[in-house]
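See below for the structure under consideration.
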Amino acid sequence: MADVTMKIWRGDASGGEFQNYTIEQNDNEVVLDVIHRIQATEAPDLACRWNCKAGKCGSCSAEINGKPRLMCMTRMDTLPEGPVTVTPMKTFPIIRDLVTDVSFNYAMAAKIPALLPKPMPEGGYRLMQEDVERSQEFRKCIECFLCQDVCHVIRDHEDNKANYAGPRFFIRIAELEMNPLDTNDRREFVREDMGLGYCNITKCCTEVCPEGIHITDNAIIPLKERVVAANYDPVAWLGRKIRRQTKKTSAEAAVQPAP
Amino acid sequence: MAVIESSTDVVLSGVRGGPAVKTLRQDRWWLQPVVTVSILTAFVVYSTWSAFNPHNYYVGAMMHRDLISPFFSPCLASSCVEGSQIGFALSGWSLSPAFLILIFPLGFRLTCYYYRRSYYRAFWWSPPACAVSDGHKKYTGETRFPLLMQNAHRYFFYFGIVFNCLLTYDALRAFHQPGIGFGVTLGTIVLTVNATLLWLYSLSCHACRHLCGGSLKTFSNHPVRHRLWKFITPLNENHMKFAWASLIFVALTDVFVRLVASGAITDFRLF
Amino acid sequence: MSNYEHHDYDVLIIGAGGAGLRAAIEAKQRGLKVGIITKSLLGKAHTVMAEGGMAAAMGNVYEEDNWMVHFRDTMRGGKYLNNYRMAELHAKEAPERVLELEQWGALFDRTKDGKILQRDFGGHRYARLAHTGDRTGLELIRTLQQKVVSMGTDVFMEVKVLKLVHDDAGRVAGCVAYHRASGEFVTFAAKAVILATGGAGKSWKFTSNSWEGTGDGHAMALWAGAKLIDMECIQFHPTGMVWPLSVRGILVTEGVRGDGGVLRNSLGERFMFNYVAPMFRAETAETEEEGDLWYDDHNAGRRPPELLPRDEVARAINTEVKAGRGGPHGGVFLDIGSRRSAEFIRRRLPSMYHQFMELAGVDITREAMEIGPTCHYIMGGVQVDADTAATAAPGLFAAGEVAGGMHGANRLGGNSLSDLIVFGKRAGAGAADYVLSGQAATSLNQSAVEAAIKEALAPFERTEGENPYTIQHDLQEMMQANVGIIRTQSELDFALGELDKFTERVKNIAVKGGRAYNPGWNLTTDLPAMLAVCKTVALGASFRKESRGGHTREDFPTASEEFSKFNLAHSSNGGNWDSPIETTESPLLPIPQELKALLEEAH
């Protein structure tokens, strides 16, 4: 097979640059294979994250020719001729080379009120397949955080990170809201605390999802519609005004279950 | 890599990796925004021209037809040409009758989740394409007025349904040709296809999917709404196609009616 | 005190896969201060790779199923080398552990009447595996991860533990580790430590294990004074991908066979009918027609031989390929496309469909997959007390793949995920009881901390030396060739000699670059553990002169009565990574009469 030139970003928080590695390309290889071969030979300290190498764990996220993708699921023979650029995910602070600090995502995950289930009857719950299927789609998520990376709300606007959970956590919240056992109401939470309104549904999250989850159509838009019902319904608003009621706060409507 | 501790605030920002360029994409990512801008601009220009030119929007009994342009139906102004009105007329409206009604389909489409995706990308560049830098420094999304009003989509959907009913009525009425009786003409087909596409566009809308069943927590105890939701879902997956098809066809329908009304072409009778 | 970052916990858990997370939940629910350390990011552990499901005798599909049948299947699958008490607890407690997951957000596939759907797997008499499509491991780890996070547990991500550290009284008191991101060292003091580090398959060339599967916990337990048992029993999963080379070893779920897939050789024969051992003959179909009836109704026919336990199937594939009836890339064919509809396959096996489509360009709804055995799971591990998960080292507990005994000589598919939650909980409870009993350690031996750190930094000081990747590569080749699926004395002796040479080579590694996120250095710190595992595997394999489960000897092709009475237990003589290892016989626990009766019950 012919040689291929890999333009790989090397560096850390103090700066970095592209380095070129020209290496033989074998049949059917994926980008991660080539990275591994560079590690084993020319650059043993080339930092990259990976675990399963089968598209199941979501560790090896990077940007290949500018597109957020999993390195283990991107076959070399599908890329156009010429040098292949590999850069770290842009949205998160760099640690070194292709490795970024994704703790933003873990911080957001920790804020979400978990499932508050109905009490379990003797012998376990009875749930119908049609009632679990919607949430099951979202639970396919492998937490590669490519949707978070591509989302311009935080990719291009650092200051929004404090107020915006990102697509990964919108599908998490949608999953909980559609779980037939759940008794929490996270609509105010997702609007007020998670910044659902920042999303302008440009659908890049759906485009990059390696699991093919319909993030926008099946999670974000249904959440927006649910928020409309809770917040922007003029009749309900009028009703509250007449009865001098106030809306439940996000913390009242959705609580973290006891350990 | 950091520690997840409930007590500590994780540092969210920091120096990012990669070169400081707009994008590293090598494909023709600009193609889609260009196409979107071209089609939407053409439509806006044409529909504005049409609204400002309230002539030839109705083909009436003189020509043994009953065809009205969707831009002008329902024709509510007292200035509407004879035969085009639907029972009552607003006196004192001196502008084009199109302006009385266009706000509703316009609002429906402006707040539509699919169109939002398209025009935010193509016109507002936020972002122009995936993994291409946003064209703006500051971004607050749909959290503030006026974009907060996007949440009114559901209410425009309700109006959209009323309009679909009226346009369906127009299409059905067209099959009865004054002075001739029942017949199928090119015009009846055009109006029928137009109404059908508008129904498909409205029914495939995300708000409709939510109202039909999407809002439910469990489907199994709402079998009827579950079936409705299952019927709407595949339509919803094609919402983009219906959005474009119905947009282009509604303009073509207006063109057709104008051409027939002005005598440039005749509405060919099939049987 | 030294000036390293330091943390104190009641219970420290090393490993954030299914077992570690389940243990954390239990210890946390007891009100203890719990810390979790993971070598990669939270939620990426090897548990996510589990596909088919978790075995629990809930009887949702076949009412006849119960814990006694599950216990019997597990013991038979393990060729009676199991710690019977673990198998018993596992069979009894798995259903409750599975149901509990639903309260934490897990969503399993359902039966028509809304119960948890269960699927067929090799070696299980009834459809028993609770599952979510073919991504059950992901469902499990995400559920536990989200539960742990919602409880506010501290999780240290990308921290590599170098060594366990004792207190001056010889109790396990914590560990010394480093942050992979910065290369900075960190020490943890804990009253109890739970090892949940998973497996060790990365020492073989063709493996389904990720870079993490280096046997850190096995090795650390050995060095800390615990014993390793059954290390020779390694499961080679019969169906790993063989082509393209870059994905060789990646798992193809047993669910393919459970859902109707069959194995054929290059002549198109369903060869498994020729490999039914006498032990399984009574319950295995004799003809293809009979086997096909079974899928729809287990009472209409006996199970097809493709669903024999994994060791049987892997050996059969190996034999077929050696006899020249293999495919173009050295595997055999797994065919479901000609037997089930495309819609069925895409719904039941979405990840498999995706995996073959993307990585091999094979549409499994139309073409057969070429597959072959891949190193998948180590039955052996740290010897533990079944009820408390305590090891021989005071203060040290172990659960999950790192623990030994539960699966005997061979693990049944689906028993691993349920193992994680049953014994993860028990380890959490065992450690909590130990902490609350007040006998736990309180201080770290600082000189041991310093020694471990000095050793870890040594490779930076050598300017001339070997590349760690070369050593790892050579080790994998050597183990695959000499301590692989079929073993023989001369090769094992050769391997033991080679392993001593590898020890010397590891002492001569030179690491390039700095300490911050340096994978070359990280690998260097993994190699001592890999060598410890390889040595105990080779020693066990050399001592056990018989074939049993995941241990097959060409020179001793059958099971022997003599070797059925004990496990081989390894302990370290010195506690350093290059200290000599002693191997002794450890008698099996006597099985109480009422359980023995279950095993002897006819089919």
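Within each chain, counting starts at residue 1; across the structure tokens, chains are named A, B, ... in the order shown, with ligands numbered 1 upward in that order.
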### Message
I need the residues of region 21-69 of chain C that end up classed as strand (DSSP E) by DSSP on the backbone, written out as a count of residues only.
### Response
6
### Task
Please return, as a list in words, all residues of chain A lying within 7 Å of chain C when only C-alpha atoms are considered.
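Matching residues, ligands excluded from the count: Asn28, Glu29, Asp33, Ala40, Pro44, Asp45, Leu46, Ala47, Asn51, Cys52, Ala54, Lys56, Cys57, Met73, Ile95, Arg96, Ala110, Ala114, Leu115, Pro117, Gly124, Arg126, Leu127, Met128, Gln129, Val132, Gln136, Arg139 and Pro259 of chain A.
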### Task
Determine, counting only C-alpha atoms, which protein, DNA and RNA residues have an atom within 8 Å of an atom of Thr583 (chain C); residues of the same chain fewer than 3 positions away are not included. Present the result as JSON, numbers by chain.
{"C": [539, 540, 568, 569, 570, 571]}
### Task
In Å, rounded to a single decimal, give me how far CA of Leu24 (chain B) is from CA of Tyr115 (chain B).
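Taking CA of Tyr115 (chain B) as the start and CA of Leu24 (chain B) as the end point, the length is 26.6 Å.
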### Task
Give me the residues within 8 Å of region 483-499 of chain C as a PyMOL selection string, counting only C-alpha atoms and dropping any in the same chain fewer than 2 places off.
chain C and resi 204+236+315+478-481+501-503+531+534-535+537-539+541-542+550-555
Would you put the residues from that selection into a file with C-alpha atoms, as a CSV table (one decimal), in the first residue's frame?
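The resulting file, out_2.csv, is shown below:
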chain,number,residue,atom,x,y,z
C,204,TRP,CA,-2.3,-11.9,24.2
C,236,PHE,CA,-10.9,-17.7,24.4
C,315,ARG,CA,-11.7,-25.7,20.7
C,478,MET,CA,5.1,-15.0,22.8
C,479,MET,CA,2.1,-15.6,24.9
C,480,GLN,CA,-0.2,-16.2,21.9
C,481,ALA,CA,2.2,-18.7,20.5
C,501,LYS,CA,14.1,-12.6,30.0
C,502,PHE,CA,11.1,-10.2,29.7
C,503,THR,CA,11.6,-9.3,33.3
C,531,LEU,CA,4.4,-10.1,33.5
C,534,CYS,CA,1.7,-14.1,32.3
C,535,LYS,CA,4.0,-15.9,34.8
C,537,VAL,CA,-0.8,-18.3,33.9
C,538,ALA,CA,2.2,-20.2,32.5
C,539,LEU,CA,2.9,-21.7,35.9
C,541,ALA,CA,-0.8,-24.2,32.9
C,542,SER,CA,2.4,-26.0,33.4
C,550,GLY,CA,-10.4,-22.8,29.5
C,551,HIS,CA,-7.2,-24.8,29.9
C,552,THR,CA,-6.4,-27.2,27.1
C,553,ARG,CA,-3.3,-29.3,27.0
C,554,GLU,CA,-2.3,-31.1,23.8
C,555,ASP,CA,-0.3,-33.5,25.9
Taking 3 positions as the minimum chain separation for residues in the same chain, which residues sit within 6 Å of Ala130 (chain C) when counting only C-alpha atoms? Answer as a CSV table (one decimal) with N, CA, C and O atoms, in the first residue's frame.
chain,number,residue,atom,x,y,z
C,53,GLY,N,-25.8,-10.0,27.6
C,53,GLY,CA,-26.8,-9.8,28.7
C,53,GLY,C,-26.2,-10.3,30.0
C,53,GLY,O,-25.1,-10.6,30.1
C,54,MET,N,-27.1,-10.2,31.0
C,54,MET,CA,-26.7,-10.7,32.3
C,54,MET,C,-27.6,-11.8,32.8
C,54,MET,O,-28.8,-11.7,32.7
C,117,LEU,N,-37.2,-9.1,29.4
C,117,LEU,CA,-37.0,-10.2,28.5
C,117,LEU,C,-35.7,-10.9,28.7
C,117,LEU,O,-34.7,-10.3,29.1
C,118,GLN,N,-35.7,-12.2,28.5
C,118,GLN,CA,-34.4,-13.0,28.7
C,118,GLN,C,-34.1,-13.7,27.4
C,118,GLN,O,-34.9,-14.2,26.7
### Non-local contacts of region 225-239 of chain A (8 Å; only C-alpha atoms; under 6 positions in same chain excluded) as a VMD selection string
(chain A and resid 187 to 188 191) or (chain B and resid 151 to 152 207 210 215)
Same residues, all heavy atoms, saved as a PDB file, in the first residue's frame:
ATOM      1  N   ARG A 187     -38.603  19.937  33.496  1.00  0.00           N
ATOM      2  CA  ARG A 187     -38.805  20.916  32.420  1.00  0.00           C
ATOM      3  C   ARG A 187     -38.267  22.284  32.802  1.00  0.00           C
ATOM      4  O   ARG A 187     -37.608  22.943  31.999  1.00  0.00           O
ATOM      5  CB  ARG A 187     -40.294  21.001  32.066  1.00  0.00           C
ATOM      6  CG  ARG A 187     -40.793  19.713  31.416  1.00  0.00           C
ATOM      7  CD  ARG A 187     -42.258  19.788  31.086  1.00  0.00           C
ATOM      8  NE  ARG A 187     -43.076  19.958  32.278  1.00  0.00           N
ATOM      9  CZ  ARG A 187     -44.397  20.050  32.250  1.00  0.00           C
ATOM     10  NH1 ARG A 187     -45.041  20.007  31.098  1.00  0.00           N
ATOM     11  NH2 ARG A 187     -45.083  20.196  33.371  1.00  0.00           N
ATOM     12  N   GLU A 188     -38.524  22.706  34.027  1.00  0.00           N
ATOM     13  CA  GLU A 188     -37.994  23.999  34.461  1.00  0.00           C
ATOM     14  C   GLU A 188     -36.472  23.905  34.605  1.00  0.00           C
ATOM     15  O   GLU A 188     -35.745  24.846  34.270  1.00  0.00           O
ATOM     16  CB  GLU A 188     -38.668  24.411  35.781  1.00  0.00           C
ATOM     17  CG  GLU A 188     -38.282  25.781  36.298  1.00  0.00           C
ATOM     18  CD  GLU A 188     -38.640  26.913  35.339  1.00  0.00           C
ATOM     19  OE1 GLU A 188     -39.387  26.693  34.370  1.00  0.00           O
ATOM     20  OE2 GLU A 188     -38.141  28.036  35.570  1.00  0.00           O
ATOM     21  N   ARG A 191     -34.781  24.156  31.242  1.00  0.00           N
ATOM     22  CA  ARG A 191     -34.877  25.502  30.684  1.00  0.00           C
ATOM     23  C   ARG A 191     -33.976  26.474  31.445  1.00  0.00           C
ATOM     24  O   ARG A 191     -33.155  27.179  30.870  1.00  0.00           O
ATOM     25  CB  ARG A 191     -36.333  26.003  30.775  1.00  0.00           C
ATOM     26  CG  ARG A 191     -36.582  27.335  30.091  1.00  0.00           C
ATOM     27  CD  ARG A 191     -37.981  27.861  30.383  1.00  0.00           C
ATOM     28  NE  ARG A 191     -38.083  28.372  31.740  1.00  0.00           N
ATOM     29  CZ  ARG A 191     -37.756  29.618  32.091  1.00  0.00           C
ATOM     30  NH1 ARG A 191     -37.344  30.468  31.188  1.00  0.00           N
ATOM     31  NH2 ARG A 191     -37.858  30.005  33.347  1.00  0.00           N
TER      32      ARG A 191
ATOM     33  N   ASN B 151     -40.824  29.893  20.475  1.00  0.00           N
ATOM     34  CA  ASN B 151     -41.633  28.961  21.257  1.00  0.00           C
ATOM     35  C   ASN B 151     -43.114  29.022  20.899  1.00  0.00           C
ATOM     36  O   ASN B 151     -43.901  28.213  21.390  1.00  0.00           O
ATOM     37  CB  ASN B 151     -41.443  29.251  22.750  1.00  0.00           C
ATOM     38  CG  ASN B 151     -40.087  28.780  23.231  1.00  0.00           C
ATOM     39  OD1 ASN B 151     -39.750  27.603  23.101  1.00  0.00           O
ATOM     40  ND2 ASN B 151     -39.285  29.696  23.741  1.00  0.00           N
ATOM     41  N   ALA B 152     -43.476  29.987  20.061  1.00  0.00           N
ATOM     42  CA  ALA B 152     -44.884  30.096  19.658  1.00  0.00           C
ATOM     43  C   ALA B 152     -45.225  29.187  18.485  1.00  0.00           C
ATOM     44  O   ALA B 152     -46.343  29.226  17.972  1.00  0.00           O
ATOM     45  CB  ALA B 152     -45.200  31.544  19.310  1.00  0.00           C
ATOM     46  N   ALA B 207     -44.177  20.066  16.371  1.00  0.00           N
ATOM     47  CA  ALA B 207     -45.193  20.426  17.358  1.00  0.00           C
ATOM     48  C   ALA B 207     -46.369  19.459  17.262  1.00  0.00           C
ATOM     49  O   ALA B 207     -46.921  19.017  18.272  1.00  0.00           O
ATOM     50  CB  ALA B 207     -45.664  21.857  17.121  1.00  0.00           C
ATOM     51  N   HIS B 210     -45.520  16.223  18.858  1.00  0.00           N
ATOM     52  CA  HIS B 210     -45.593  16.350  20.316  1.00  0.00           C
ATOM     53  C   HIS B 210     -47.043  16.295  20.781  1.00  0.00           C
ATOM     54  O   HIS B 210     -47.379  15.576  21.721  1.00  0.00           O
ATOM     55  CB  HIS B 210     -44.967  17.679  20.740  1.00  0.00           C
ATOM     56  CG  HIS B 210     -45.180  18.018  22.183  1.00  0.00           C
ATOM     57  ND1 HIS B 210     -44.384  17.508  23.178  1.00  0.00           N
ATOM     58  CD2 HIS B 210     -46.120  18.790  22.805  1.00  0.00           C
ATOM     59  CE1 HIS B 210     -44.812  17.962  24.353  1.00  0.00           C
ATOM     60  NE2 HIS B 210     -45.855  18.741  24.152  1.00  0.00           N
ATOM     61  N   SER B 215     -45.927  14.074  23.922  1.00  0.00           N
ATOM     62  CA  SER B 215     -45.921  14.647  25.265  1.00  0.00           C
ATOM     63  C   SER B 215     -46.154  13.587  26.335  1.00  0.00           C
ATOM     64  O   SER B 215     -45.967  13.852  27.512  1.00  0.00           O
ATOM     65  CB  SER B 215     -47.012  15.706  25.370  1.00  0.00           C
ATOM     66  OG  SER B 215     -48.266  15.114  25.085  1.00  0.00           O
TER      67      SER B 215
END
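If you look at CA of Gln235 (chain C) and CA of Val533 (chain C), they are 14.5 Å away from each other.
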Extract, using only C-alpha atoms, all DNA, RNA and protein residues at most 10 Å from Pro19 (chain B), discarding same-chain residues fewer than 4 positions from it, and format them as a short mmCIF file (atom, residue, chain, number, x, y, z; two decimals) with C-alpha atoms, in the first residue's frame.
data_model
loop_
_atom_site.label_atom_id
_atom_site.label_comp_id
_atom_site.auth_asym_id
_atom_site.auth_seq_id
_atom_site.Cartn_x
_atom_site.Cartn_y
_atom_site.Cartn_z
CA TRP A 9 -1.48 18.23 16.41
CA GLY A 15 1.26 25.86 22.68
CA GLY A 16 1.46 23.38 19.87
CA GLU A 17 1.86 22.75 16.17
CA PHE A 18 1.20 20.21 13.48
CA THR A 87 -6.58 17.52 15.91
CA PRO A 88 -7.95 17.31 19.45
CA LYS A 90 -11.74 21.93 19.92
CA THR B 23 -12.34 25.28 10.17
CA LEU B 24 -10.12 22.42 9.04
#
### Task
Return the single residue from B:Tyr201, B:Phe249, B:Tyr119, B:Tyr58 that is closest to chain A, with distances computed using only C-alpha atoms.
B:Tyr119
### Query
Would you list which chain A residues are within 6 Å of chain B using only C-alpha atoms, as an NGL selection string?
:A and (13 or 65-66 or 87-88 or 93-94 or 101 or 104 or 131 or 150 or 178 or 180 or 197-198 or 200-202 or 204)
### Message
as an MDAnalysis selection string, please: every residue in region 118-179 of chain B that a backbone DSSP assignment puts in helix (DSSP H, G or I).
### Response
chainID B and resid 118:122 147:174
Could you write those residues out with N, CA, C and O atoms, as a short mmCIF file (atom, residue, chain, number, x, y, z; two decimals), in the first residue's frame?
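Final output, again-v9.cif:
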data_model
loop_
_atom_site.label_atom_id
_atom_site.label_comp_id
_atom_site.auth_asym_id
_atom_site.auth_seq_id
_atom_site.Cartn_x
_atom_site.Cartn_y
_atom_site.Cartn_z
N SER B 118 -32.16 25.77 9.12
CA SER B 118 -31.62 26.20 7.83
C SER B 118 -31.21 27.66 7.82
O SER B 118 -30.14 28.01 7.35
N TYR B 119 -32.10 28.53 8.35
CA TYR B 119 -31.72 29.94 8.22
C TYR B 119 -30.71 30.39 9.26
O TYR B 119 -29.93 31.28 9.01
N TYR B 120 -30.72 29.71 10.43
CA TYR B 120 -29.64 30.04 11.39
C TYR B 120 -28.28 29.71 10.76
O TYR B 120 -27.31 30.41 10.97
N ARG B 121 -28.26 28.62 10.04
CA ARG B 121 -27.00 28.25 9.41
C ARG B 121 -26.67 29.17 8.24
O ARG B 121 -25.61 29.77 8.18
N ALA B 122 -27.64 29.28 7.31
CA ALA B 122 -27.32 29.91 6.04
C ALA B 122 -27.27 31.43 6.12
O ALA B 122 -26.41 32.06 5.52
N LEU B 147 -36.00 36.05 19.67
CA LEU B 147 -35.97 34.63 19.31
C LEU B 147 -36.71 33.75 20.31
O LEU B 147 -37.04 32.60 20.03
N LEU B 148 -36.96 34.31 21.50
CA LEU B 148 -37.78 33.58 22.46
C LEU B 148 -39.14 33.23 21.86
O LEU B 148 -39.76 32.23 22.22
N MET B 149 -39.57 34.07 20.90
CA MET B 149 -40.88 33.86 20.27
C MET B 149 -40.94 32.59 19.42
O MET B 149 -42.01 32.18 18.99
N GLN B 150 -39.80 31.98 19.17
CA GLN B 150 -39.81 30.71 18.45
C GLN B 150 -40.67 29.69 19.18
O GLN B 150 -41.17 28.74 18.59
N ASN B 151 -40.82 29.89 20.48
CA ASN B 151 -41.63 28.96 21.26
C ASN B 151 -43.11 29.02 20.90
O ASN B 151 -43.90 28.21 21.39
N ALA B 152 -43.48 29.99 20.06
CA ALA B 152 -44.88 30.10 19.66
C ALA B 152 -45.23 29.19 18.49
O ALA B 152 -46.34 29.23 17.97
N HIS B 153 -44.28 28.36 18.07
CA HIS B 153 -44.50 27.52 16.89
C HIS B 153 -45.81 26.75 16.96
O HIS B 153 -46.58 26.67 16.01
N ARG B 154 -46.06 26.21 18.15
CA ARG B 154 -47.26 25.41 18.34
C ARG B 154 -48.53 26.19 17.99
O ARG B 154 -49.46 25.64 17.41
N TYR B 155 -48.56 27.47 18.32
CA TYR B 155 -49.77 28.27 18.08
C TYR B 155 -49.90 28.60 16.60
O TYR B 155 -51.00 28.63 16.05
N PHE B 156 -48.79 28.81 15.95
CA PHE B 156 -48.84 28.97 14.49
C PHE B 156 -49.29 27.69 13.81
O PHE B 156 -49.96 27.71 12.78
N PHE B 157 -48.91 26.58 14.42
CA PHE B 157 -49.35 25.30 13.87
C PHE B 157 -50.88 25.22 13.86
O PHE B 157 -51.49 24.79 12.89
N TYR B 158 -51.51 25.67 14.95
CA TYR B 158 -52.97 25.65 14.99
C TYR B 158 -53.56 26.47 13.85
O TYR B 158 -54.47 26.04 13.16
N PHE B 159 -52.99 27.67 13.63
CA PHE B 159 -53.48 28.49 12.51
C PHE B 159 -53.21 27.79 11.18
O PHE B 159 -54.04 27.85 10.27
N GLY B 160 -52.05 27.14 11.11
CA GLY B 160 -51.70 26.44 9.88
C GLY B 160 -52.75 25.41 9.51
O GLY B 160 -53.11 25.24 8.35
N ILE B 161 -53.29 24.73 10.54
CA ILE B 161 -54.31 23.72 10.29
C ILE B 161 -55.56 24.38 9.70
O ILE B 161 -56.17 23.87 8.75
N VAL B 162 -55.93 25.56 10.24
CA VAL B 162 -57.10 26.28 9.71
C VAL B 162 -56.87 26.61 8.24
O VAL B 162 -57.74 26.38 7.39
N PHE B 163 -55.68 27.10 7.94
CA PHE B 163 -55.37 27.44 6.54
C PHE B 163 -55.41 26.22 5.64
O PHE B 163 -55.91 26.28 4.52
N ASN B 164 -54.88 25.11 6.15
CA ASN B 164 -54.92 23.88 5.34
C ASN B 164 -56.35 23.51 5.01
O ASN B 164 -56.66 23.09 3.89
N CYS B 165 -57.25 23.68 5.98
CA CYS B 165 -58.65 23.35 5.74
C CYS B 165 -59.21 24.26 4.65
O CYS B 165 -59.91 23.80 3.73
N LEU B 166 -58.88 25.55 4.73
CA LEU B 166 -59.41 26.49 3.74
C LEU B 166 -58.86 26.18 2.36
O LEU B 166 -59.59 26.19 1.37
N LEU B 167 -57.58 25.87 2.28
CA LEU B 167 -56.99 25.59 0.96
C LEU B 167 -57.50 24.27 0.41
O LEU B 167 -57.62 24.09 -0.80
N THR B 168 -57.81 23.34 1.32
CA THR B 168 -58.41 22.08 0.86
C THR B 168 -59.80 22.36 0.30
O THR B 168 -60.19 21.83 -0.74
N TYR B 169 -60.53 23.24 0.99
CA TYR B 169 -61.85 23.64 0.51
C TYR B 169 -61.73 24.29 -0.87
O TYR B 169 -62.49 23.98 -1.79
N ASP B 170 -60.72 25.17 -1.03
CA ASP B 170 -60.48 25.80 -2.34
C ASP B 170 -60.24 24.75 -3.42
O ASP B 170 -60.77 24.84 -4.54
N ALA B 171 -59.42 23.74 -3.09
CA ALA B 171 -59.10 22.72 -4.07
C ALA B 171 -60.34 21.93 -4.45
O ALA B 171 -60.58 21.64 -5.63
N LEU B 172 -61.16 21.59 -3.45
CA LEU B 172 -62.37 20.81 -3.73
C LEU B 172 -63.34 21.63 -4.58
O LEU B 172 -63.95 21.13 -5.52
N ARG B 173 -63.45 22.93 -4.22
CA ARG B 173 -64.36 23.81 -4.96
C ARG B 173 -63.98 23.92 -6.42
O ARG B 173 -64.82 24.04 -7.30
N ALA B 174 -62.66 23.84 -6.67
CA ALA B 174 -62.17 24.00 -8.03
C ALA B 174 -62.67 22.90 -8.96
O ALA B 174 -62.71 23.06 -10.17
#
### Query
What is the distance between CA of Gln476 (chain C) and CA of Phe206 (chain C), in Å to one decimal?
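Interatomic distance, CA of Gln476 (chain C) to CA of Phe206 (chain C): 8.3 Å.
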